[in-house]
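To start, the structure under review is shown below, and the notes come after it.
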Amino acid sequence: RNHDETATELRFASLTQGEQIFVWSSRQWLLSRRNQRCVKCDLIGPYRRFACVEAISYLNRFMGLLVGAPIRPLELRHPNFPEISHDERIMLRVVQAAALTCDVPSARAAASQLVCAGVTDLSETARRYGQSLMSGGLSLNSYRELTLIRRAA
């Protein structure tokens with residue numbers, strides 16, 4: 001890890017409920033897939049509570065695109081881990097930029113740090129996912145100072 005990544009640890013507890021659901025869901029999705037469990041069954045609780053169950057299909061597509069063409073091995077932590085990894089920050093930035101600010105260039109720039117193919121699909125899926133969460137009354141804007149850190153070539 002370089003200094004930029006550890007300068008300010010982002011804690012799970014500091015995120016809004018919508019952001020927490022996204023990070024937890026991403027982590028749980030990977031765990032469910034690894035354990036060959038039903039992803040939707042494992043994720044449905046919070047989505048049903050906020051009447052945005054359709055968001056699970058967007059999350060499933062988002063994660064499928066992510067694991068299908070990653071630039072490098074991505075760090076997703078255990079669902080109960082208190083800090084957010086650098087890669088999870090970038091994933092959150094994709095969702096925020098795509099859904100909250102409708103900032104397509106920022107969403108695509110962040111997505112391009114995660115995948116080598118499907119950047120447009122990843123950002124569009126993130127937009128739909130985020131809008132679905134917001135339709136359930138969930139916020140994605142607690143951490144507005146979330147920035148994109150470009151790695152030196």
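Ordered as shown in the structure tokens, chains take letters A, B, and onward, while each chain numbers its residues from 1 and ligands are numbered from 1 in the order shown.
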
For the contact check between range 40-77 of chain A and range 85-101 of chain A, emit one row per residue of range 40-77 of chain A within 10 Å, containing the shortest atom pair and the distance in Å rounded to one decimal, counting only C-alpha atoms, chain then rising number order, as CSV.
residue,atom,partner,partner_atom,distance
A:Phe62,CA,A:Met91,CA,9.7
A:Met63,CA,A:Met91,CA,9.9
A:Leu66,CA,A:Met91,CA,9.3
A:Pro73,CA,A:Asp87,CA,9.6
A:Leu74,CA,A:Asp87,CA,6.2
A:Glu75,CA,A:Asp87,CA,5.8
A:Leu76,CA,A:Glu88,CA,6.4
A:Arg77,CA,A:Ser85,CA,7.0

Writing out the chosen residues with C-alpha atoms as an mmCIF file, in the first residue's frame:
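To be explicit, this is the file written out as part_12.cif:
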data_model
loop_
_atom_site.group_PDB
_atom_site.id
_atom_site.type_symbol
_atom_site.label_atom_id
_atom_site.label_comp_id
_atom_site.auth_asym_id
_atom_site.auth_seq_id
_atom_site.Cartn_x
_atom_site.Cartn_y
_atom_site.Cartn_z
ATOM 1 C CA PHE A 62 -21.960 -4.818 -11.693
ATOM 2 C CA MET A 63 -20.070 -7.505 -9.788
ATOM 3 C CA LEU A 66 -16.033 -6.434 -12.226
ATOM 4 C CA PRO A 73 -6.706 -8.725 -8.338
ATOM 5 C CA LEU A 74 -9.180 -6.536 -6.457
ATOM 6 C CA GLU A 75 -9.378 -6.332 -2.676
ATOM 7 C CA LEU A 76 -12.849 -6.833 -1.284
ATOM 8 C CA ARG A 77 -12.910 -7.427 2.422
#

Using DSSP on the backbone coordinates, identify all residues within chain A classified as helix (DSSP H, G or I); present the result as JSON, numbers by chain. {"A": [3, 4, 5, 6, 12, 13, 14, 17, 18, 19, 20, 21, 22, 23, 24, 25, 26, 27, 28, 29, 30, 31, 32, 33, 34, 39, 40, 41, 42, 43, 44, 45, 46, 47, 48, 49, 55, 56, 57, 58, 59, 60, 61, 62, 63, 64, 65, 66, 67, 68, 86, 87, 88, 89, 90, 91, 92, 93, 94, 95, 96, 97, 98, 99, 100, 104, 105, 106, 107, 108, 109, 110, 111, 119, 120, 121, 122, 123, 124, 125, 126, 127, 128, 129, 130, 131, 132, 133, 134, 135]}

With only C-alpha atoms as the basis for distance, which of A:Leu140, A:Ala51, A:Val119, A:Leu65 is at the shortest distance from Glu19 in chain A?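 The shortest atom-to-atom distance to Glu19 in chain A comes from A:Leu140.
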